[in-house]
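S.K.: Contents of data33.cif (mmCIF, C-alpha atoms; chains and numbers go by the auth columns) are given next:
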```
data_work
#
loop_
_atom_site.group_PDB
_atom_site.id
_atom_site.type_symbol
_atom_site.label_atom_id
_atom_site.label_comp_id
_atom_site.label_asym_id
_atom_site.label_seq_id
_atom_site.Cartn_x
_atom_site.Cartn_y
_atom_site.Cartn_z
_atom_site.B_iso_or_equiv
_atom_site.auth_seq_id
_atom_site.auth_asym_id
ATOM 1 C CA MET A 1 -22.143 -18.020 17.196 0.00 1 A
ATOM 2 C CA LYS A 2 -18.375 -17.928 16.856 0.00 2 A
ATOM 3 C CA TYR A 3 -16.704 -14.663 15.867 0.00 3 A
ATOM 4 C CA HIS A 4 -13.546 -14.112 13.838 0.00 4 A
ATOM 5 C CA LEU A 5 -11.525 -10.950 13.126 0.00 5 A
ATOM 6 C CA ALA A 6 -9.699 -11.206 9.797 0.00 6 A
ATOM 7 C CA LEU A 7 -6.883 -8.640 9.604 0.00 7 A
ATOM 8 C CA GLY A 8 -4.894 -7.651 6.530 0.00 8 A
ATOM 9 C CA ARG A 9 -1.679 -7.779 8.562 0.00 9 A
ATOM 10 C CA LYS A 10 -0.567 -8.889 11.993 0.00 10 A
ATOM 11 C CA ILE A 11 -1.357 -6.372 14.714 0.00 11 A
ATOM 12 C CA ASP A 12 -0.080 -6.839 18.272 0.00 12 A
ATOM 13 C CA LEU A 13 -3.348 -5.865 19.954 0.00 13 A
ATOM 14 C CA ASP A 14 -2.129 -6.822 23.436 0.00 14 A
ATOM 15 C CA GLY A 15 1.132 -4.896 22.979 0.00 15 A
ATOM 16 C CA ILE A 16 -0.809 -1.829 21.863 0.00 16 A
ATOM 17 C CA ASP A 17 -3.036 -2.189 24.921 0.00 17 A
ATOM 18 C CA ARG A 18 0.001 -2.325 27.241 0.00 18 A
ATOM 19 C CA ASP A 19 1.457 0.809 25.618 0.00 19 A
ATOM 20 C CA ALA A 20 -1.926 2.568 25.751 0.00 20 A
ATOM 21 C CA LYS A 21 -2.145 1.948 29.496 0.00 21 A
ATOM 22 C CA LEU A 22 1.247 3.677 29.811 0.00 22 A
ATOM 23 C CA GLY A 23 -0.014 6.626 27.738 0.00 23 A
ATOM 24 C CA LYS A 24 2.373 5.886 24.851 0.00 24 A
ATOM 25 C CA CYS A 25 -0.302 5.393 22.172 0.00 25 A
ATOM 26 C CA PRO A 26 -4.062 5.342 21.623 0.00 26 A
ATOM 27 C CA ARG A 27 -6.107 2.246 22.372 0.00 27 A
ATOM 28 C CA HIS A 28 -7.046 -0.037 19.454 0.00 28 A
ATOM 29 C CA VAL A 29 -10.749 -0.594 18.801 0.00 29 A
ATOM 30 C CA LEU A 30 -10.088 -4.100 17.455 0.00 30 A
ATOM 31 C CA ARG A 31 -8.812 -5.259 20.844 0.00 31 A
ATOM 32 C CA THR A 32 -12.056 -4.147 22.452 0.00 32 A
ATOM 33 C CA LEU A 33 -14.040 -5.866 19.700 0.00 33 A
ATOM 34 C CA ARG A 34 -11.984 -9.050 20.073 0.00 34 A
ATOM 35 C CA ASP A 35 -12.492 -9.161 23.819 0.00 35 A
ATOM 36 C CA ARG A 36 -16.218 -8.338 23.800 0.00 36 A
ATOM 37 C CA LEU A 37 -16.981 -10.980 21.165 0.00 37 A
ATOM 38 C CA ASN A 38 -14.414 -13.501 22.392 0.00 38 A
ATOM 39 C CA ALA A 39 -13.285 -13.502 18.764 0.00 39 A
ATOM 40 C CA THR A 40 -10.432 -15.431 17.194 0.00 40 A
ATOM 41 C CA VAL A 41 -7.978 -13.179 15.351 0.00 41 A
ATOM 42 C CA HIS A 42 -6.635 -14.254 11.949 0.00 42 A
ATOM 43 C CA ALA A 43 -3.954 -12.543 9.852 0.00 43 A
ATOM 44 C CA PRO A 44 -1.565 -13.675 7.135 0.00 44 A
ATOM 45 C CA ASP A 45 1.050 -15.792 8.881 0.00 45 A
ATOM 46 C CA GLY A 46 3.332 -17.541 6.427 0.00 46 A
ATOM 47 C CA GLU A 47 0.730 -19.806 4.823 0.00 47 A
ATOM 48 C CA THR A 48 1.838 -21.588 1.668 0.00 48 A
ATOM 49 C CA ILE A 49 1.058 -19.468 -1.388 0.00 49 A
ATOM 50 C CA SER A 50 -0.626 -21.345 -4.238 0.00 50 A
ATOM 51 C CA LEU A 51 -0.700 -20.506 -7.946 0.00 51 A
ATOM 52 C CA SER A 52 -4.370 -19.611 -7.514 0.00 52 A
ATOM 53 C CA ASP A 53 -3.439 -17.139 -4.739 0.00 53 A
ATOM 54 C CA LYS A 54 -0.924 -15.485 -7.045 0.00 54 A
ATOM 55 C CA LEU A 55 -3.371 -15.283 -9.935 0.00 55 A
ATOM 56 C CA ARG A 56 -6.243 -13.886 -7.885 0.00 56 A
ATOM 57 C CA SER A 57 -3.927 -11.318 -6.310 0.00 57 A
ATOM 58 C CA LYS A 58 -3.525 -9.786 -9.772 0.00 58 A
ATOM 59 C CA ILE A 59 -7.135 -8.659 -9.385 0.00 59 A
ATOM 60 C CA SER A 60 -7.223 -7.823 -5.686 0.00 60 A
ATOM 61 C CA SER A 61 -5.084 -7.952 -2.545 0.00 61 A
ATOM 62 C CA LYS A 62 -1.821 -9.858 -2.036 0.00 62 A
ATOM 63 C CA PRO A 63 -1.165 -13.600 -2.390 0.00 63 A
ATOM 64 C CA GLU A 64 -0.790 -13.942 1.392 0.00 64 A
ATOM 65 C CA HIS A 65 -4.311 -12.544 1.872 0.00 65 A
ATOM 66 C CA TRP A 66 -5.725 -15.232 -0.419 0.00 66 A
ATOM 67 C CA ALA A 67 -3.727 -17.935 1.375 0.00 67 A
ATOM 68 C CA ALA A 68 -5.020 -16.705 4.749 0.00 68 A
ATOM 69 C CA ALA A 69 -8.589 -16.720 3.393 0.00 69 A
ATOM 70 C CA ARG A 70 -8.173 -20.322 2.203 0.00 70 A
ATOM 71 C CA LYS A 71 -6.914 -21.345 5.638 0.00 71 A
ATOM 72 C CA LEU A 72 -9.817 -19.566 7.360 0.00 72 A
ATOM 73 C CA SER A 73 -12.345 -21.211 5.023 0.00 73 A
ATOM 74 C CA LYS A 74 -11.462 -24.602 6.539 0.00 74 A
ATOM 75 C CA GLN A 75 -12.394 -23.378 10.031 0.00 75 A
ATOM 76 C CA VAL A 76 -15.801 -21.748 9.508 0.00 76 A
ATOM 77 C CA SER A 77 -19.424 -22.642 8.841 0.00 77 A
ATOM 78 C CA SER A 78 -22.852 -20.998 9.068 0.00 78 A
ATOM 79 C CA ASP A 79 -22.354 -20.750 12.855 0.00 79 A
ATOM 80 C CA ASP A 80 -19.535 -18.224 12.332 0.00 80 A
ATOM 81 C CA VAL A 81 -19.313 -14.487 11.713 0.00 81 A
ATOM 82 C CA ILE A 82 -16.177 -13.026 10.117 0.00 82 A
ATOM 83 C CA PHE A 83 -15.366 -9.318 10.450 0.00 83 A
ATOM 84 C CA CYS A 84 -12.710 -8.115 7.989 0.00 84 A
ATOM 85 C CA ASN A 85 -11.012 -4.850 8.943 0.00 85 A
ATOM 86 C CA GLY A 86 -10.310 -3.842 5.328 0.00 86 A
ATOM 87 C CA GLY A 87 -10.894 -4.699 1.710 0.00 87 A
ATOM 88 C CA ASP A 88 -7.376 -6.141 1.391 0.00 88 A
ATOM 89 C CA ILE A 89 -8.399 -9.175 3.458 0.00 89 A
ATOM 90 C CA GLY A 90 -12.155 -8.749 2.984 0.00 90 A
ATOM 91 C CA VAL A 91 -12.221 -9.420 -0.749 0.00 91 A
ATOM 92 C CA PRO A 92 -10.348 -12.747 -0.478 0.00 92 A
ATOM 93 C CA VAL A 93 -12.318 -13.854 2.598 0.00 93 A
ATOM 94 C CA ALA A 94 -15.645 -13.052 0.931 0.00 94 A
ATOM 95 C CA ALA A 95 -14.619 -14.670 -2.360 0.00 95 A
ATOM 96 C CA VAL A 96 -13.337 -17.879 -0.721 0.00 96 A
ATOM 97 C CA CYS A 97 -15.559 -18.269 2.354 0.00 97 A
ATOM 98 C CA GLY A 98 -18.616 -16.838 0.612 0.00 98 A
ATOM 99 C CA GLN A 99 -18.765 -19.750 -1.801 0.00 99 A
ATOM 100 C CA LEU A 100 -18.863 -22.412 0.917 0.00 100 A
ATOM 101 C CA PRO A 101 -22.103 -24.425 0.915 0.00 101 A
ATOM 102 C CA ASP A 102 -22.473 -23.761 4.664 0.00 102 A
ATOM 103 C CA ARG A 103 -21.062 -20.262 4.461 0.00 103 A
ATOM 104 C CA PRO A 104 -20.438 -17.933 7.417 0.00 104 A
ATOM 105 C CA LYS A 105 -21.804 -14.415 7.755 0.00 105 A
ATOM 106 C CA ILE A 106 -19.241 -11.972 6.355 0.00 106 A
ATOM 107 C CA VAL A 107 -18.795 -8.301 7.287 0.00 107 A
ATOM 108 C CA VAL A 108 -16.208 -6.149 5.483 0.00 108 A
ATOM 109 C CA PHE A 109 -15.057 -2.614 6.302 0.00 109 A
ATOM 110 C CA PHE A 110 -14.273 -0.978 2.961 0.00 110 A
ATOM 111 C CA HIS A 111 -12.197 2.187 3.151 0.00 111 A
ATOM 112 C CA ASN A 112 -11.822 2.818 -0.590 0.00 112 A
ATOM 113 C CA ILE A 113 -13.290 0.187 -2.890 0.00 113 A
ATOM 114 C CA ASP A 114 -14.291 2.633 -5.637 0.00 114 A
ATOM 115 C CA ARG A 115 -11.209 2.033 -7.802 0.00 115 A
ATOM 116 C CA PRO A 116 -10.794 0.063 -11.047 0.00 116 A
ATOM 117 C CA ARG A 117 -9.469 -3.095 -9.344 0.00 117 A
ATOM 118 C CA GLY A 118 -12.034 -2.770 -6.559 0.00 118 A
ATOM 119 C CA ARG A 119 -14.876 -2.485 -9.051 0.00 119 A
ATOM 120 C CA LEU A 120 -13.581 -5.516 -10.931 0.00 120 A
ATOM 121 C CA ALA A 121 -13.223 -7.585 -7.746 0.00 121 A
ATOM 122 C CA LEU A 122 -16.750 -6.742 -6.573 0.00 122 A
ATOM 123 C CA LYS A 123 -18.276 -7.953 -9.839 0.00 123 A
ATOM 124 C CA LEU A 124 -15.907 -10.783 -10.792 0.00 124 A
ATOM 125 C CA PHE A 125 -16.088 -12.497 -7.395 0.00 125 A
ATOM 126 C CA GLY A 126 -19.826 -11.796 -6.968 0.00 126 A
ATOM 127 C CA LEU A 127 -19.259 -10.065 -3.648 0.00 127 A
ATOM 128 C CA ALA A 128 -22.706 -8.438 -3.510 0.00 128 A
ATOM 129 C CA ASP A 129 -24.083 -11.927 -2.814 0.00 129 A
ATOM 130 C CA LYS A 130 -21.278 -13.041 -0.485 0.00 130 A
ATOM 131 C CA ILE A 131 -20.929 -10.094 1.893 0.00 131 A
ATOM 132 C CA ASP A 132 -23.715 -9.688 4.436 0.00 132 A
ATOM 133 C CA VAL A 133 -22.746 -6.221 5.697 0.00 133 A
ATOM 134 C CA PHE A 134 -20.672 -3.572 3.908 0.00 134 A
ATOM 135 C CA ILE A 135 -19.191 -1.083 6.401 0.00 135 A
ATOM 136 C CA VAL A 136 -17.989 2.280 5.076 0.00 136 A
ATOM 137 C CA ASN A 137 -16.990 5.565 6.671 0.00 137 A
ATOM 138 C CA ALA A 138 -17.754 8.168 4.000 0.00 138 A
ATOM 139 C CA ARG A 139 -20.702 9.304 1.883 0.00 139 A
ATOM 140 C CA PRO A 140 -18.945 8.696 -1.493 0.00 140 A
ATOM 141 C CA GLN A 141 -18.463 5.019 -0.588 0.00 141 A
ATOM 142 C CA ILE A 142 -22.145 4.698 0.364 0.00 142 A
ATOM 143 C CA ASN A 143 -23.242 6.231 -2.922 0.00 143 A
ATOM 144 C CA PHE A 144 -20.857 4.028 -4.882 0.00 144 A
ATOM 145 C CA LEU A 145 -22.033 0.761 -3.295 0.00 145 A
ATOM 146 C CA ARG A 146 -25.689 1.712 -3.683 0.00 146 A
ATOM 147 C CA SER A 147 -25.339 2.507 -7.362 0.00 147 A
ATOM 148 C CA TYR A 148 -22.693 -0.032 -8.431 0.00 148 A
ATOM 149 C CA LEU A 149 -24.036 -3.072 -6.551 0.00 149 A
ATOM 150 C CA ALA A 150 -27.672 -1.956 -6.313 0.00 150 A
ATOM 151 C CA ILE A 151 -27.793 -2.638 -2.554 0.00 151 A
ATOM 152 C CA GLN A 152 -29.519 -0.439 -0.004 0.00 152 A
ATOM 153 C CA SER A 153 -30.101 -2.171 3.303 0.00 153 A
ATOM 154 C CA ARG A 154 -26.767 -3.917 3.959 0.00 154 A
ATOM 155 C CA ILE A 155 -24.580 -0.804 4.221 0.00 155 A
ATOM 156 C CA LEU A 156 -23.512 0.342 7.667 0.00 156 A
ATOM 157 C CA VAL A 157 -21.875 3.742 8.135 0.00 157 A
ATOM 158 C CA LEU A 158 -19.265 3.664 10.895 0.00 158 A
ATOM 159 C CA LEU A 159 -17.290 6.806 11.501 0.00 159 A
ATOM 160 C CA GLU A 160 -13.578 6.448 12.219 0.00 160 A
ATOM 161 C CA GLN A 161 -12.743 5.881 15.854 0.00 161 A
ATOM 162 C CA THR A 162 -10.671 8.299 17.882 0.00 162 A
ATOM 163 C CA ASP A 163 -9.399 7.494 21.353 0.00 163 A
ATOM 164 C CA THR A 164 -10.383 10.667 23.176 0.00 164 A
ATOM 165 C CA GLN A 165 -8.543 9.503 26.295 0.00 165 A
ATOM 166 C CA PHE A 166 -5.275 9.737 24.347 0.00 166 A
ATOM 167 C CA PHE A 167 -5.934 12.567 21.890 0.00 167 A
ATOM 168 C CA THR A 168 -6.772 15.596 24.004 0.00 168 A
ATOM 169 C CA PRO A 169 -5.994 19.257 23.471 0.00 169 A
ATOM 170 C CA GLY A 170 -4.436 19.459 26.916 0.00 170 A
ATOM 171 C CA PRO A 171 -4.999 22.285 29.330 0.00 171 A
ATOM 172 C CA ALA A 172 -5.780 25.739 27.960 0.00 172 A
ATOM 173 C CA SER A 173 -2.697 27.907 27.680 0.00 173 A
ATOM 174 C CA GLY A 174 -1.780 31.137 25.978 0.00 174 A
ATOM 175 C CA GLU A 175 1.704 29.714 25.410 0.00 175 A
ATOM 176 C CA LYS A 176 0.665 27.318 22.640 0.00 176 A
ATOM 177 C CA LYS A 177 2.160 28.736 19.448 0.00 177 A
ATOM 178 C CA ARG A 178 2.278 25.892 16.911 0.00 178 A
ATOM 179 C CA GLN A 179 -0.764 24.376 15.272 0.00 179 A
ATOM 180 C CA THR A 180 -1.438 20.696 15.840 0.00 180 A
ATOM 181 C CA VAL A 181 -1.180 18.364 12.857 0.00 181 A
ATOM 182 C CA VAL A 182 -3.201 15.164 13.136 0.00 182 A
ATOM 183 C CA SER A 183 -3.136 12.136 10.848 0.00 183 A
ATOM 184 C CA VAL A 184 -5.356 9.094 10.606 0.00 184 A
ATOM 185 C CA GLY A 185 -4.196 6.238 8.417 0.00 185 A
ATOM 186 C CA LEU A 186 -1.305 4.021 7.581 0.00 186 A
ATOM 187 C CA SER A 187 2.106 4.610 9.123 0.00 187 A
ATOM 188 C CA SER A 188 3.546 5.810 5.801 0.00 188 A
ATOM 189 C CA GLN A 189 0.875 8.506 5.670 0.00 189 A
ATOM 190 C CA THR A 190 1.570 9.426 9.277 0.00 190 A
ATOM 191 C CA LYS A 191 5.298 9.624 8.529 0.00 191 A
ATOM 192 C CA LEU A 192 4.650 11.918 5.547 0.00 192 A
ATOM 193 C CA ILE A 193 2.437 14.242 7.590 0.00 193 A
ATOM 194 C CA THR A 194 4.953 14.253 10.467 0.00 194 A
ATOM 195 C CA GLN A 195 7.733 15.214 8.035 0.00 195 A
ATOM 196 C CA THR A 196 5.504 17.928 6.584 0.00 196 A
ATOM 197 C CA ALA A 197 4.714 19.240 10.081 0.00 197 A
ATOM 198 C CA ASN A 198 8.419 19.499 10.859 0.00 198 A
ATOM 199 C CA ILE A 199 8.900 21.656 7.763 0.00 199 A
ATOM 200 C CA ILE A 200 6.035 24.046 8.589 0.00 200 A
#
```
Spit out the file's structure as structure tokens when you get a sec.

M.R.:
Amino acid sequence: MKYHLALGRKIDLDGIDRDAKLGKCPRHVLRTLRDRLNATVHAPDGETISLSDKLRSKISSKPEHWAAARKLSKQVSSDDVIFCNGGDIGVPVAAVCGQLPDRPKIVVFFHNIDRPRGRLALKLFGLADKIDVFIVNARPQINFLRSYLAIQSRILVLLEQTDTQFFTPGPASGEKKRQTVVSVGLSSQTKLITQTANII
């Protein structure tokens, strides 16, 4: 078996690991996954965008995600497993690689697929038959997939990961006055919460 990690954007996993060892940031779970599986990492990287990529991106994801999925489809077969870290790359990978005659196993972590475009993509691209494991992290997503796609056994619940070596309350102290504000998500969300915390 050959393993692949399909990412929606480039992530410097080794750079994050170096910074984590210096205590500057939390560790990244995808680096651990990559190393344990000896996986090849794929992310959009300037592939040529086709008209088809542009058209399909009107339904889901960005053109570069579709181009990356097309490139990946030329490198995989039934001996491969592809893990997609989000629906942005997962929908194109499943739609393109899932229709190969010798298709790989496909696992997609969906954070929020229960939206109009997500619903359309699931049905239009026939993803219930192309994705082998749907990973979600919340009960509403489980309920949605079970009812909308009529699947029961291929849903894996994986709670969000927190690096407890980095995020610690610190030593007990009566001097702590301010409450701690914590954010999990994209950098824009983190920036918004940080700005809000500075106002409080």

S.K.: Since I can't run it myself right now, could you work out what the PyMOL selection byres ((chain A and resi 21-30) around 9) selects here and report it as a ChimeraX atom specification?

M.R.: /A:5,13,16-20,31-35,85,161-167

S.K.: Which residues, written as a VMD selection string, have at least one atom at most 10 Å from Ala95 (chain A), with only C-alpha atoms counted and residues fewer than 6 positions away on the same chain left out?

M.R.: chain A and resid 66 69 to 70 121 to 122 124 to 127 129 to 131

S.K.: Would you compute the distance between CA of Leu37 (chain A) and CA of Ala67 (chain A)? Give it in Å to one decimal.

M.R.: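 Between these atoms lies a distance of 24.8 Å.
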
S.K.: Please enumerate the residues selected by the PyMOL selection byres ((chain A and resi 140-150) around 9) when evaluated against the supplied file, formatted as a list in words.

M.R.: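 Selected by the PyMOL selection byres ((chain A and resi 140-150) around 9) in this file: Phe110, His111, Asn112, Ile113, Asp114, Arg119, Leu122, Lys123, Leu127, Ala128, Phe134, Ile135, Val136, Asn137, Ala138, Arg139, Ile151, Gln152, Ile155, Leu156 and Val157 of chain A.
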
S.K.: Rounded to one decimal in Å, what is the spacing between CA of Ile106 (chain A) and CA of Ser61 (chain A)?

M.R.: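 Here the two named atoms are 17.2 Å from each other.
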
S.K.: Return the single residue from A:Asp14, A:Asp79, A:Asp132, A:Glu47 that is closest to Met1 (chain A), with distances computed using all atoms listed in the file.

M.R.: A:Asp79

S.K.: Calculate how many Å separate CA of Ser50 (chain A) from CA of Leu7 (chain A), rounding to one decimal.

M.R.: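 Going from CA of Ser50 (chain A) over to CA of Leu7 (chain A), I get 19.8 Å.
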
S.K.: From the options A:Arg115, A:Lys10, A:Arg36, A:His65, which residue's atoms come nearest to Ile89 (chain A), counting all atoms listed in the file?

M.R.: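 Once distances to Ile89 (chain A) are computed over all atoms listed in the file, the minimum belongs to A:His65.
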
S.K.: Report as a list in words the full result of the PyMOL selection byres ((chain A and resi 43) around 7) when it is applied to this structure.

M.R.: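 Checking the PyMOL selection byres ((chain A and resi 43) around 7) against this file, the residues are Ala6, Leu7, Gly8, Arg9, Lys10, Val41, His42, Pro44, Asp45 and Ala68 of chain A.
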
S.K.: From the list A:Val91, A:Val81, A:Leu100, A:Leu158, which residue is nearest Lys62 (chain A) when using all atoms listed in the file?

M.R.: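 Closest to Lys62 (chain A), using all atoms listed in the file: A:Val91.
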
S.K.: Using all atoms listed in the file, find the one residue out of A:Ser77, A:Tyr3, A:Ile59, A:Ala39 that sits nearest to Gln99 (chain A).

M.R.: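 Of A:Ser77, A:Tyr3, A:Ile59, A:Ala39, the one nearest Gln99 (chain A), counting all atoms listed in the file, is A:Ser77.
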
S.K.: Would you please work out which residue, of A:Leu51, A:Leu159, A:Val133, A:Val76, is nearest to Asp102 (chain A) when using all atoms listed in the file?

M.R.: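 Of A:Leu51, A:Leu159, A:Val133, A:Val76, the one nearest Asp102 (chain A) is A:Val76, counting all atoms listed in the file.
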
S.K.: Output region 60-75 of chain A from the block with N, CA and C atoms, as a short mmCIF file (atom, residue, chain, number, x, y, z; two decimals), in the first residue's frame?

M.R.:
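And here's decode21.cif as it stands now:
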```cif
data_model
loop_
_atom_site.label_atom_id
_atom_site.label_comp_id
_atom_site.auth_asym_id
_atom_site.auth_seq_id
_atom_site.Cartn_x
_atom_site.Cartn_y
_atom_site.Cartn_z
N SER A 60 -17.82 23.27 -6.65
CA SER A 60 -17.08 23.00 -5.41
C SER A 60 -15.61 23.33 -5.58
N SER A 61 -15.00 23.83 -4.53
CA SER A 61 -13.56 24.05 -4.43
C SER A 61 -13.06 25.13 -5.40
N LYS A 62 -11.76 25.17 -5.59
CA LYS A 62 -11.12 26.15 -6.48
C LYS A 62 -10.53 25.43 -7.68
N PRO A 63 -10.31 26.14 -8.78
CA PRO A 63 -9.73 25.48 -9.97
C PRO A 63 -8.42 24.75 -9.67
N GLU A 64 -7.58 25.35 -8.81
CA GLU A 64 -6.29 24.71 -8.51
C GLU A 64 -6.46 23.37 -7.78
N HIS A 65 -7.56 23.22 -7.02
CA HIS A 65 -7.82 21.93 -6.37
C HIS A 65 -8.14 20.86 -7.41
N TRP A 66 -8.93 21.23 -8.41
CA TRP A 66 -9.27 20.29 -9.48
C TRP A 66 -8.05 19.93 -10.31
N ALA A 67 -7.19 20.91 -10.57
CA ALA A 67 -5.96 20.64 -11.32
C ALA A 67 -5.04 19.69 -10.53
N ALA A 68 -4.94 19.91 -9.22
CA ALA A 68 -4.12 19.05 -8.38
C ALA A 68 -4.69 17.63 -8.35
N ALA A 69 -6.01 17.52 -8.32
CA ALA A 69 -6.66 16.20 -8.32
C ALA A 69 -6.39 15.47 -9.63
N ARG A 70 -6.42 16.20 -10.75
CA ARG A 70 -6.12 15.58 -12.05
C ARG A 70 -4.69 15.05 -12.08
N LYS A 71 -3.77 15.85 -11.55
CA LYS A 71 -2.36 15.44 -11.51
C LYS A 71 -2.19 14.18 -10.64
N LEU A 72 -2.84 14.18 -9.49
CA LEU A 72 -2.75 13.04 -8.58
C LEU A 72 -3.35 11.78 -9.21
N SER A 73 -4.41 11.95 -9.99
CA SER A 73 -5.08 10.79 -10.59
C SER A 73 -4.17 10.00 -11.52
N LYS A 74 -3.12 10.63 -12.02
CA LYS A 74 -2.17 9.96 -12.93
C LYS A 74 -1.11 9.17 -12.16
N GLN A 75 -1.14 9.29 -10.82
CA GLN A 75 -0.09 8.66 -10.01
C GLN A 75 -0.61 7.54 -9.11
#
```
